[in-house]
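In what follows, a structure is listed as C-alpha cells, so that the remarks can point back to it.
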Amino acid sequence: MKKILLCLFAASLPLFVHSCTGDDPSGPGSADFDRQAMLENWADNIIIPAFASFSGQTGQLRTAADAFSAEPTQQTLDDLRQVWGAAYISFQHVSMFEMGRGMELRNYLNIYPACTSESNQGLTPEEKCSPEIRENIEEGSYNLELPSQYDSQGFPALDYLLYGLAESDEDILATYTTGSGAGDYRRYITDLAARMDDLTKEVHSDWEEEYRDDFVRNSGDGATAAVDMMVNDYIFYYEKALRAGKVGIPAGVFSGTPLSSHVEAYYRGDLSRTLLLEALDTVQNFFHGNHFTGGGSGESLKSYLDYLNTIKEGDDLATLIDEQFDAARSEIQTLDDNLALQVENDNAGMLSAYDELQKNVVLMKVDMLQALNIDVDYVDADGD
C-alpha cells in the first residue's frame with residue numbers, strides 16, 4: 001500500500017523517490033530482484049578477493065617489521081615504511097566489511113589519531129602521542145585485545161613509530177638502536193605487525209571457510225538479512241569513517257575548530273589524500289558491483305536501483321549517486337596531498353570536499369534506503 005501511494009502522489013510530491021514500475025503487480029518489485037545473486041557477487045568477487053589481497057599485504061608488513069627489528073638500518077626502515085604504506089592503501093578496500101569476524105577489524109587496525117593534542121605547537125613528538133603507546137613500550141606488558149588499546153595499535157600507531165618519534169630519520173633510528181629501551185621499541189613494532197596480520201588472516205579465513213555461505217544464504221529482507229546489514233554497514237562506513245573521519249573531523253565540522261592532527265596517516269603526511277581517494281574509489285566500485293580484480297561486474301546496488309527504475313525528482317537515482325561520487329572525487333583531487341597542511345593552509349577546501357561527500361549521504365541513506373525498503377540500523381548523532 002505504501003508503494004502504491006508513493007506512485008499515486010508522485011506528481012504532486014516530487015521530492016519522493018518512487019518506482020512506479022515496481023508497484024504494478026505485473027511488473028518488477030523489490031522482492032523480485034535477485035538479492036542472492038548480488039550477495040554472491042559481493043562475497044565472491046569483491047569481499048573475499050579484497051581480504052585475500054590485504055592478507056598478503058599484512059604478511060609482507062609482518063616480514064618487513066621482523067627484518068627491521070632484527071637489523072634497524074635506513075634501508076630496513078625504508079622497506080618497512082614502503083610496505084606499511086601499501087598495506088594502508090590496501091586496507092581501504094576491506095575497511096567497510098564489518099560482518100562476521102571482521103566486525104571490529106577497523107577498531108583494531110585504524111583508530112586515529114594515535115597521537116592527539118588540541119595543539120601540536122611547541123610539543124615534542126613524545127608529548128604529542130597517545131600515552132598508551134609509550135606506557136606499553138616502557139612497561140613491556142600489554143593486552144592489545146582490550147578496547148582501551150584501540151588507539152595504540154594498527155596503522156596509526158605504526159605511523160607514529162615509523163615517522164613521528166623524532167624530527168629526523170637519524171634520530172628515529174637511534175630510538176631503535178642506541179636509545180633507552182631500544183629493544184622494547186623493536187619488539188612493539190613486531191607485535192603490532194604480527195597482530196595486524198593475525199587478525200586479517202582470521203577474518204579472511206572466516207569468510208572463505210564459513211561465513212561466506214551463511215552470508216549468501218541469508219538473502220531475504222528484514223533487519224537481520226544480509227543485504228540489509230551490508231547496505232547499512234556500507235552507508236555507515238561512508239558517512240562515519242569516510243566523510244566524517246577522513247574529512248569532517250579534521251576540518252572541524254563537528255568541533256567548530258579545525259584539527260589538522262586528526263587526519264589519517266598524520267606523521268607520514270603525504271599519504272592522507274591518497275587514502276581518502278582510495279576509499280572513495282572503493283565505495284563507488286562497490287556501488288557498481290565491480291569485481292575487485294577488475295574486468296567485470298555483477299549485481300549491485302546500482303543494478304538493484306536500475307531494476308526498480310528508481311526516480312528522484314525526475315532523475316534516475318542511481319545516476320545521481322554515481323555522479324555525486326564523481327563530484328566529490330573532483331573536489332578532493334584539488335586538495336593538498338597532505339590533508340593536515342590543507343586544513344592548516346586552506347580549510348575551506350576541506351569543507352567544500354565535505355559538502356560534496358555529504359550530498360551522497362542524503363541520496364543513499366534517505367533516498368536509496370527508501371527505494372530498497374531498508375531501515376537504518378544505527379544511531380545518527382550529526383544528522384543527514
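Each chain in the C-alpha cells gets a letter, A, B and so on, in the order shown; residues start at 1 in every chain, and ligands are counted from 1 in the order they appear.
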
I'd like the neighbourhood of segment 68-81 of chain A as a ChimeraX atom specification, where a residue qualifies if any of its atoms comes within 8 Å (using only C-alpha atoms), though same-chain residues fewer than 2 positions away should be ignored. /A:61,64-66,83-85,162,169,173,176-177,186-187,189-190

Store the residues picked out above in a file with N, CA and C atoms, as a short mmCIF file (atom, residue, chain, number, x, y, z; two decimals), in the first residue's frame.
data_model
loop_
_atom_site.label_atom_id
_atom_site.label_comp_id
_atom_site.auth_asym_id
_atom_site.auth_seq_id
_atom_site.Cartn_x
_atom_site.Cartn_y
_atom_site.Cartn_z
N LEU A 61 53.98 -6.94 5.59
CA LEU A 61 54.25 -5.99 6.66
C LEU A 61 54.90 -6.70 7.84
N ALA A 64 58.53 -7.48 6.94
CA ALA A 64 59.35 -6.27 6.95
C ALA A 64 59.61 -5.78 8.36
N ALA A 65 58.60 -5.90 9.25
CA ALA A 65 58.79 -5.49 10.64
C ALA A 65 59.81 -6.39 11.33
N ASP A 66 59.77 -7.68 11.06
CA ASP A 66 60.74 -8.60 11.64
C ASP A 66 62.16 -8.27 11.15
N VAL A 83 56.21 -0.87 2.71
CA VAL A 83 55.22 -1.93 2.86
C VAL A 83 54.04 -1.45 3.70
N TRP A 84 54.32 -0.69 4.76
CA TRP A 84 53.25 -0.12 5.60
C TRP A 84 52.31 0.74 4.76
N GLY A 85 52.86 1.60 3.90
CA GLY A 85 52.02 2.46 3.06
C GLY A 85 51.16 1.65 2.09
N LEU A 162 57.06 4.89 12.95
CA LEU A 162 57.93 4.92 11.77
C LEU A 162 58.28 6.33 11.33
N ASP A 169 65.33 11.03 10.39
CA ASP A 169 65.47 9.58 10.32
C ASP A 169 66.61 9.10 11.20
N LEU A 173 66.04 6.27 13.99
CA LEU A 173 66.81 5.03 14.04
C LEU A 173 67.53 4.87 15.37
N TYR A 176 65.67 3.04 17.98
CA TYR A 176 65.63 1.58 17.83
C TYR A 176 66.99 0.90 17.96
N THR A 177 68.05 1.71 18.08
CA THR A 177 69.39 1.11 18.13
C THR A 177 70.12 1.42 19.43
N ARG A 186 61.62 -2.08 19.39
CA ARG A 186 61.64 -3.04 18.27
C ARG A 186 60.60 -4.14 18.49
N ARG A 187 60.48 -4.60 19.70
CA ARG A 187 59.50 -5.65 19.98
C ARG A 187 58.08 -5.15 19.76
N ILE A 189 57.09 -2.91 17.63
CA ILE A 189 56.87 -2.87 16.18
C ILE A 189 56.46 -4.25 15.67
N THR A 190 57.20 -5.28 16.06
CA THR A 190 56.89 -6.63 15.57
C THR A 190 55.57 -7.15 16.15
#

Residue list (alpha helix (DSSP H), DSSP) for segment 285-343 of chain A, as a VMD selection string: chain A and resid 285 to 288 301 to 308 317 to 332 339 to 343

Proximity of segment 220-316 of chain A to segment 37-52 of chain A: per-residue shortest pair, 8 Å limit, only C-alpha atoms, as JSON lines:
{"residue": "A:Ala226", "atom": "CA", "partner": "A:Leu39", "partner_atom": "CA", "distance": 7.7}
{"residue": "A:Val227", "atom": "CA", "partner": "A:Leu39", "partner_atom": "CA", "distance": 7.1}
{"residue": "A:Phe286", "atom": "CA", "partner": "A:Ile46", "partner_atom": "CA", "distance": 7.7}
{"residue": "A:Gly289", "atom": "CA", "partner": "A:Trp42", "partner_atom": "CA", "distance": 7.0}
{"residue": "A:Asn290", "atom": "CA", "partner": "A:Ile46", "partner_atom": "CA", "distance": 7.4}
{"residue": "A:His291", "atom": "CA", "partner": "A:Asn45", "partner_atom": "CA", "distance": 5.0}
{"residue": "A:Phe292", "atom": "CA", "partner": "A:Ile46", "partner_atom": "CA", "distance": 4.8}
{"residue": "A:Thr293", "atom": "CA", "partner": "A:Pro49", "partner_atom": "CA", "distance": 7.4}
{"residue": "A:Ser297", "atom": "CA", "partner": "A:Asn41", "partner_atom": "CA", "distance": 7.9}
{"residue": "A:Gly298", "atom": "CA", "partner": "A:Asn41", "partner_atom": "CA", "distance": 5.7}
{"residue": "A:Glu299", "atom": "CA", "partner": "A:Met38", "partner_atom": "CA", "distance": 4.5}
{"residue": "A:Ser300", "atom": "CA", "partner": "A:Met38", "partner_atom": "CA", "distance": 5.6}

May I have the residues from that selection written out with N, CA and C atoms, as a PDB file, in the first residue's frame?
ATOM      1  N   ALA A 226      21.134 -10.382   5.173  1.00  0.00           N
ATOM      2  CA  ALA A 226      22.484  -9.973   4.801  1.00  0.00           C
ATOM      3  C   ALA A 226      22.497  -8.696   3.972  1.00  0.00           C
ATOM      4  N   VAL A 227      21.544  -8.541   3.054  1.00  0.00           N
ATOM      5  CA  VAL A 227      21.509  -7.326   2.235  1.00  0.00           C
ATOM      6  C   VAL A 227      21.286  -6.105   3.112  1.00  0.00           C
ATOM      7  N   PHE A 286      32.019  -0.572  -5.221  1.00  0.00           N
ATOM      8  CA  PHE A 286      31.047  -1.456  -4.578  1.00  0.00           C
ATOM      9  C   PHE A 286      29.639  -1.123  -5.034  1.00  0.00           C
ATOM     10  N   GLY A 289      29.167  -2.800  -8.123  1.00  0.00           N
ATOM     11  CA  GLY A 289      29.372  -4.244  -8.136  1.00  0.00           C
ATOM     12  C   GLY A 289      30.591  -4.664  -8.918  1.00  0.00           C
ATOM     13  N   ASN A 290      31.573  -3.751  -9.065  1.00  0.00           N
ATOM     14  CA  ASN A 290      32.770  -4.056  -9.831  1.00  0.00           C
ATOM     15  C   ASN A 290      33.624  -5.088  -9.113  1.00  0.00           C
ATOM     16  N   HIS A 291      34.109  -6.067  -9.860  1.00  0.00           N
ATOM     17  CA  HIS A 291      34.966  -7.092  -9.274  1.00  0.00           C
ATOM     18  C   HIS A 291      36.269  -6.480  -8.772  1.00  0.00           C
ATOM     19  N   PHE A 292      36.757  -6.971  -7.629  1.00  0.00           N
ATOM     20  CA  PHE A 292      37.976  -6.428  -7.034  1.00  0.00           C
ATOM     21  C   PHE A 292      39.167  -6.551  -7.979  1.00  0.00           C
ATOM     22  N   THR A 293      39.229  -7.655  -8.695  1.00  0.00           N
ATOM     23  CA  THR A 293      40.365  -7.877  -9.594  1.00  0.00           C
ATOM     24  C   THR A 293      40.204  -7.178 -10.931  1.00  0.00           C
ATOM     25  N   SER A 297      31.801  -7.067 -13.587  1.00  0.00           N
ATOM     26  CA  SER A 297      30.917  -6.587 -12.530  1.00  0.00           C
ATOM     27  C   SER A 297      29.723  -7.513 -12.446  1.00  0.00           C
ATOM     28  N   GLY A 298      28.972  -7.394 -11.365  1.00  0.00           N
ATOM     29  CA  GLY A 298      27.795  -8.231 -11.178  1.00  0.00           C
ATOM     30  C   GLY A 298      26.674  -7.448 -10.545  1.00  0.00           C
ATOM     31  N   GLU A 299      25.671  -8.162 -10.061  1.00  0.00           N
ATOM     32  CA  GLU A 299      24.537  -7.500  -9.440  1.00  0.00           C
ATOM     33  C   GLU A 299      25.017  -6.630  -8.281  1.00  0.00           C
ATOM     34  N   SER A 300      24.388  -5.468  -8.145  1.00  0.00           N
ATOM     35  CA  SER A 300      24.908  -4.444  -7.240  1.00  0.00           C
ATOM     36  C   SER A 300      23.796  -3.534  -6.778  1.00  0.00           C
TER      37      SER A 300
END

Give me the residues within 8 Å of segment 344-354 of chain A as a PyMOL selection string, counting only C-alpha atoms and dropping any in the same chain fewer than 4 places off. chain A and resi 243-244+247-248+251+253+258+260+328+331-332+334-335+340+358

So that I can see what lies close to Glu278 of chain A, please list as an MDAnalysis selection string the residues with an atom at most 12 Å from it, counting only C-alpha atoms and leaving out residues fewer than 5 positions away in the same chain. chainID A and resid 86 88:95 242 246 271:273 283:285 329 332:333

Dump N, CA, C and O atoms for the selected residues as a compact mmCIF listing (two decimals), in the first residue's frame?
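Result file result-v2.txt:
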# COMPACT_ATOMS: atom_id res chain seq x y z
N ALA A 86 51.75 0.63 1.48
CA ALA A 86 51.00 -0.20 0.54
C ALA A 86 49.88 -0.96 1.26
O ALA A 86 48.76 -1.10 0.74
N TYR A 88 48.39 0.03 4.01
CA TYR A 88 47.38 1.01 4.42
C TYR A 88 46.43 1.31 3.26
O TYR A 88 45.21 1.43 3.44
N ILE A 89 46.97 1.42 2.06
CA ILE A 89 46.14 1.63 0.88
C ILE A 89 45.24 0.42 0.66
O ILE A 89 44.04 0.55 0.40
N SER A 90 45.80 -0.77 0.77
CA SER A 90 45.04 -2.00 0.59
C SER A 90 43.91 -2.10 1.63
O SER A 90 42.82 -2.62 1.32
N PHE A 91 44.16 -1.62 2.83
CA PHE A 91 43.15 -1.69 3.88
C PHE A 91 41.88 -0.93 3.51
O PHE A 91 40.78 -1.30 3.95
N GLN A 92 42.00 0.11 2.70
CA GLN A 92 40.82 0.88 2.32
C GLN A 92 39.80 0.03 1.57
O GLN A 92 38.62 0.36 1.52
N HIS A 93 40.24 -1.09 1.00
CA HIS A 93 39.35 -1.96 0.23
C HIS A 93 38.56 -2.94 1.11
O HIS A 93 37.63 -3.58 0.62
N VAL A 94 38.94 -3.08 2.37
CA VAL A 94 38.23 -4.02 3.25
C VAL A 94 37.63 -3.34 4.47
O VAL A 94 36.87 -3.96 5.21
N SER A 95 37.93 -2.09 4.69
CA SER A 95 37.55 -1.43 5.92
C SER A 95 36.05 -1.40 6.16
O SER A 95 35.59 -1.43 7.30
N LEU A 242 34.44 7.55 6.31
CA LEU A 242 34.99 8.29 5.17
C LEU A 242 34.67 9.78 5.25
O LEU A 242 35.56 10.61 5.37
N LYS A 246 37.66 10.95 7.77
CA LYS A 246 38.77 11.36 6.92
C LYS A 246 38.75 12.86 6.57
O LYS A 246 39.77 13.44 6.25
N LEU A 271 50.39 10.87 2.49
CA LEU A 271 49.59 9.70 2.14
C LEU A 271 48.10 9.92 2.39
O LEU A 271 47.26 9.18 1.89
N SER A 272 47.75 10.95 3.13
CA SER A 272 46.38 11.10 3.61
C SER A 272 45.36 11.28 2.50
O SER A 272 44.27 10.68 2.54
N ARG A 273 45.67 12.08 1.49
CA ARG A 273 44.71 12.25 0.39
C ARG A 273 44.60 10.97 -0.43
O ARG A 273 43.51 10.62 -0.91
N VAL A 283 34.16 2.61 -2.40
CA VAL A 283 32.71 2.65 -2.20
C VAL A 283 31.98 2.82 -3.52
O VAL A 283 30.87 2.27 -3.70
N GLN A 284 32.56 3.54 -4.47
CA GLN A 284 31.90 3.68 -5.76
C GLN A 284 31.95 2.36 -6.54
O GLN A 284 30.96 1.97 -7.18
N ASN A 285 33.07 1.67 -6.48
CA ASN A 285 33.17 0.37 -7.14
C ASN A 285 32.18 -0.63 -6.54
O ASN A 285 31.58 -1.44 -7.26
N ARG A 329 34.93 13.31 -5.82
CA ARG A 329 36.32 12.99 -6.20
C ARG A 329 36.99 14.21 -6.83
O ARG A 329 38.16 14.51 -6.54
N ILE A 332 38.02 16.55 -4.11
CA ILE A 332 39.13 16.02 -3.31
C ILE A 332 40.45 16.12 -4.08
O ILE A 332 41.50 16.39 -3.48
N GLN A 333 40.39 15.93 -5.37
CA GLN A 333 41.62 15.98 -6.17
C GLN A 333 42.24 17.38 -6.21
O GLN A 333 43.41 17.52 -6.59

Find the spatial neighbours of Asn110 of chain A, counting only C-alpha atoms, within a cut-off of 10 Å - ignore same-chain residues fewer than 3 positions away - and output them as a list in words.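 Residues meeting the cut-off are Tyr88, Phe91, Ser95, Leu105, Arg106, Asn107, Pro113, Ala114, Tyr150, Asp151, Ser152, Gln153, Gly154, Phe155, Pro156, Ala157, Ala241, Glu264 and Ala265 of chain A.
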
Would you mind exporting N, CA and C atoms of the selected residues as a PDB file, in the first residue's frame?
ATOM      1  N   TYR A  88      48.387   0.029   4.011  1.00  0.00           N
ATOM      2  CA  TYR A  88      47.383   1.015   4.422  1.00  0.00           C
ATOM      3  C   TYR A  88      46.427   1.305   3.261  1.00  0.00           C
ATOM      4  N   PHE A  91      44.160  -1.620   2.825  1.00  0.00           N
ATOM      5  CA  PHE A  91      43.145  -1.689   3.885  1.00  0.00           C
ATOM      6  C   PHE A  91      41.878  -0.931   3.512  1.00  0.00           C
ATOM      7  N   SER A  95      37.934  -2.091   4.688  1.00  0.00           N
ATOM      8  CA  SER A  95      37.555  -1.426   5.924  1.00  0.00           C
ATOM      9  C   SER A  95      36.050  -1.403   6.156  1.00  0.00           C
ATOM     10  N   LEU A 105      37.353  -5.175  13.051  1.00  0.00           N
ATOM     11  CA  LEU A 105      38.687  -5.076  12.456  1.00  0.00           C
ATOM     12  C   LEU A 105      39.166  -3.633  12.369  1.00  0.00           C
ATOM     13  N   ARG A 106      38.290  -2.722  11.934  1.00  0.00           N
ATOM     14  CA  ARG A 106      38.705  -1.327  11.799  1.00  0.00           C
ATOM     15  C   ARG A 106      39.073  -0.725  13.150  1.00  0.00           C
ATOM     16  N   ASN A 107      38.392  -1.140  14.229  1.00  0.00           N
ATOM     17  CA  ASN A 107      38.730  -0.620  15.553  1.00  0.00           C
ATOM     18  C   ASN A 107      40.163  -0.964  15.948  1.00  0.00           C
ATOM     19  N   PRO A 113      43.292   9.743  15.570  1.00  0.00           N
ATOM     20  CA  PRO A 113      44.756   9.728  15.664  1.00  0.00           C
ATOM     21  C   PRO A 113      45.251   8.920  16.868  1.00  0.00           C
ATOM     22  N   ALA A 114      46.385   8.258  16.688  1.00  0.00           N
ATOM     23  CA  ALA A 114      47.043   7.597  17.816  1.00  0.00           C
ATOM     24  C   ALA A 114      47.713   8.635  18.700  1.00  0.00           C
ATOM     25  N   TYR A 150      42.671   0.332  21.496  1.00  0.00           N
ATOM     26  CA  TYR A 150      42.387   0.568  20.082  1.00  0.00           C
ATOM     27  C   TYR A 150      43.362   1.559  19.454  1.00  0.00           C
ATOM     28  N   ASP A 151      43.600   2.678  20.136  1.00  0.00           N
ATOM     29  CA  ASP A 151      44.405   3.741  19.524  1.00  0.00           C
ATOM     30  C   ASP A 151      45.899   3.586  19.784  1.00  0.00           C
ATOM     31  N   SER A 152      46.314   2.429  20.273  1.00  0.00           N
ATOM     32  CA  SER A 152      47.744   2.213  20.494  1.00  0.00           C
ATOM     33  C   SER A 152      48.285   1.119  19.584  1.00  0.00           C
ATOM     34  N   GLN A 153      47.550   0.802  18.526  1.00  0.00           N
ATOM     35  CA  GLN A 153      47.970  -0.266  17.625  1.00  0.00           C
ATOM     36  C   GLN A 153      47.513   0.051  16.209  1.00  0.00           C
ATOM     37  N   GLY A 154      47.776  -0.885  15.301  1.00  0.00           N
ATOM     38  CA  GLY A 154      47.330  -0.739  13.929  1.00  0.00           C
ATOM     39  C   GLY A 154      48.144   0.254  13.129  1.00  0.00           C
ATOM     40  N   PHE A 155      47.574   0.689  12.015  1.00  0.00           N
ATOM     41  CA  PHE A 155      48.271   1.596  11.109  1.00  0.00           C
ATOM     42  C   PHE A 155      48.639   2.930  11.758  1.00  0.00           C
ATOM     43  N   PRO A 156      47.749   3.554  12.542  1.00  0.00           N
ATOM     44  CA  PRO A 156      48.112   4.841  13.134  1.00  0.00           C
ATOM     45  C   PRO A 156      49.280   4.748  14.115  1.00  0.00           C
ATOM     46  N   ALA A 157      49.333   3.678  14.910  1.00  0.00           N
ATOM     47  CA  ALA A 157      50.455   3.521  15.842  1.00  0.00           C
ATOM     48  C   ALA A 157      51.759   3.341  15.079  1.00  0.00           C
ATOM     49  N   ALA A 241      33.099   6.819   8.685  1.00  0.00           N
ATOM     50  CA  ALA A 241      34.544   6.610   8.551  1.00  0.00           C
ATOM     51  C   ALA A 241      35.147   7.445   7.437  1.00  0.00           C
ATOM     52  N   GLU A 264      44.154  11.130   8.699  1.00  0.00           N
ATOM     53  CA  GLU A 264      44.711   9.791   8.590  1.00  0.00           C
ATOM     54  C   GLU A 264      46.178   9.901   8.166  1.00  0.00           C
ATOM     55  N   ALA A 265      47.012   8.999   8.688  1.00  0.00           N
ATOM     56  CA  ALA A 265      48.444   8.987   8.357  1.00  0.00           C
ATOM     57  C   ALA A 265      49.077  10.357   8.599  1.00  0.00           C
TER      58      ALA A 265
END

From A:Ala225, A:Ala182, A:Leu109, A:Leu165, residue lying nearest Thr200 of chain A [only C-alpha atoms]: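 Once distances to Thr200 of chain A are computed over only C-alpha atoms, the minimum belongs to A:Leu109.
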
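One finds atom CA of Leu161 of chain A at 13.7 Å from atom CA of Glu135 of chain A.
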
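Proximity ranking of A:Met196, A:Leu363, A:Ile374, A:Leu357 relative to Thr224 of chain A places A:Ile374 first, based on only C-alpha atoms.
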
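Straight-line separation from atom CA of Tyr160 of chain A to atom CA of Tyr112 of chain A: 10.6 Å.
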
Quick one: residues within 10 Å of Asp375 of chain A, only C-alpha atoms counted, chain neighbours fewer than 2 positions away excluded, as a PyMOL selection string? chain A and resi 222-223+228-229+231-232+365-366+369-370+372-373+377-378

Here atom CA of Gln342 of chain A and atom CA of Gln149 of chain A stand apart by 29.4 Å
